[in-house]
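Shown next: protein-v2.csv, containing CSV, C-alpha atoms.
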```csv
chain,number,residue,atom,x,y,z
M,1,MET,CA,5.2,-0.1,-13.9
M,2,THR,CA,8.4,-1.7,-12.9
M,3,LEU,CA,8.9,-3.7,-9.7
M,4,GLU,CA,11.1,-1.0,-8.3
M,5,GLU,CA,8.4,1.6,-9.0
M,6,GLY,CA,5.8,-0.6,-7.3
M,7,LEU,CA,7.9,-1.1,-4.3
M,8,GLU,CA,8.6,2.6,-4.0
M,9,LEU,CA,4.9,3.3,-4.3
M,10,ILE,CA,4.2,0.8,-1.5
M,11,GLU,CA,6.9,2.4,0.7
M,12,ASN,CA,5.6,5.9,0.2
M,13,TYR,CA,2.0,4.8,1.1
M,14,LYS,CA,3.3,3.0,4.2
M,15,LYS,CA,5.2,6.2,5.2
M,16,GLY,CA,2.0,8.2,4.7
M,17,LEU,CA,0.0,5.8,6.9
M,18,GLU,CA,2.7,5.9,9.6
M,19,LYS,CA,2.6,9.7,9.6
M,20,PHE,CA,-1.2,9.6,9.8
M,21,LEU,CA,-0.9,7.3,12.8
M,22,ASP,CA,1.5,9.7,14.4
M,23,THR,CA,-0.9,12.6,14.1
M,24,LEU,CA,-4.1,10.7,15.2
M,25,PRO,CA,-3.7,11.4,18.9
M,26,GLU,CA,-3.9,15.2,18.2
M,27,GLN,CA,-7.3,14.7,16.6
M,28,ALA,CA,-8.9,12.9,19.6
M,29,VAL,CA,-10.9,16.0,20.7
M,30,GLN,CA,-12.5,16.4,17.3
M,31,ILE,CA,-13.2,12.8,16.3
M,32,GLY,CA,-13.4,10.9,19.6
M,33,SER,CA,-11.4,8.2,21.2
M,34,GLU,CA,-13.4,5.3,19.7
M,35,MET,CA,-12.8,6.6,16.2
M,36,ILE,CA,-9.1,7.0,17.0
M,37,LYS,CA,-9.0,3.3,18.0
M,38,ILE,CA,-10.8,2.2,14.7
M,39,LEU,CA,-8.6,4.3,12.5
M,40,THR,CA,-5.4,3.1,14.3
M,41,ILE,CA,-6.4,-0.6,13.9
M,42,SER,CA,-7.4,0.0,10.3
M,43,SER,CA,-4.1,1.8,9.5
M,44,LYS,CA,-2.0,-0.8,11.2
M,45,ASN,CA,-3.8,-3.6,9.3
M,46,GLU,CA,-3.2,-1.7,6.0
M,47,ILE,CA,0.5,-1.4,6.8
M,48,ALA,CA,0.7,-5.1,7.5
M,49,ASN,CA,-1.0,-5.8,4.2
M,50,LEU,CA,1.4,-3.6,2.3
M,51,GLU,CA,4.3,-5.3,4.0
M,52,ALA,CA,3.0,-8.7,2.9
M,53,ILE,CA,2.6,-7.4,-0.7
M,54,GLU,CA,6.1,-5.9,-0.6
M,55,LYS,CA,7.5,-9.2,0.7
M,56,ALA,CA,5.7,-11.2,-2.0
M,57,LEU,CA,7.0,-8.9,-4.7
M,58,LYS,CA,10.6,-9.1,-3.5
M,59,HIS,CA,10.4,-12.9,-3.4
M,60,PRO,CA,8.4,-14.2,-6.4
M,61,PRO,CA,7.5,-17.9,-6.5
M,62,LYS,CA,10.2,-20.2,-7.7
M,63,HIS,CA,7.9,-22.3,-10.0
M,64,LYS,CA,6.6,-20.9,-13.3
```
Please express what this file holds, its structure, as structure tokens.
Amino acid sequence: MTLEEGLELIENYKKGLEKFLDTLPEQAVQIGSEMIKILTISSKNEIANLEAIEKALKHPPKHK
């Protein structure tokens, strides 16, 4: 896998998580507000992790 392919994969996953977060409020009746909070926090943490990975891939270390 190339760097560009990896970055594209990360971007697509982030978009999927963001769409999931957008639809969570609609699910409140079925899964409950506490689960909504847990899933929201988890998804936001996952997005932050993906952004950190993305940043690291775009700026590799200068030493070899």
Need the shell around M:Tyr13: protein/DNA/RNA residues with any atom at most 12 Å away, counting only C-alpha atoms. Skip same-chain ones fewer than 2 positions apart. Format as an NGL selection string? :M and (6-11 or 15-20 or 43 or 46-51 or 54)
When you draw a straight line from atom CA of M:Ala56 to atom CA of M:Met1, how long is it in Å? 16.3 Å
Calculate how many Å separate atom CA of M:Lys44 from atom CA of M:Leu57, rounding to one decimal.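 That distance, rounded to one decimal, is 20.0 Å.
One finds atom CA of M:Lys55 at 27.2 Å from atom CA of M:Leu24.
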Smallest atom-to-atom distance to M:Leu21: which of M:Thr40, M:Asn45, M:Thr2, M:Ser33, using all atoms listed in the file? M:Thr40
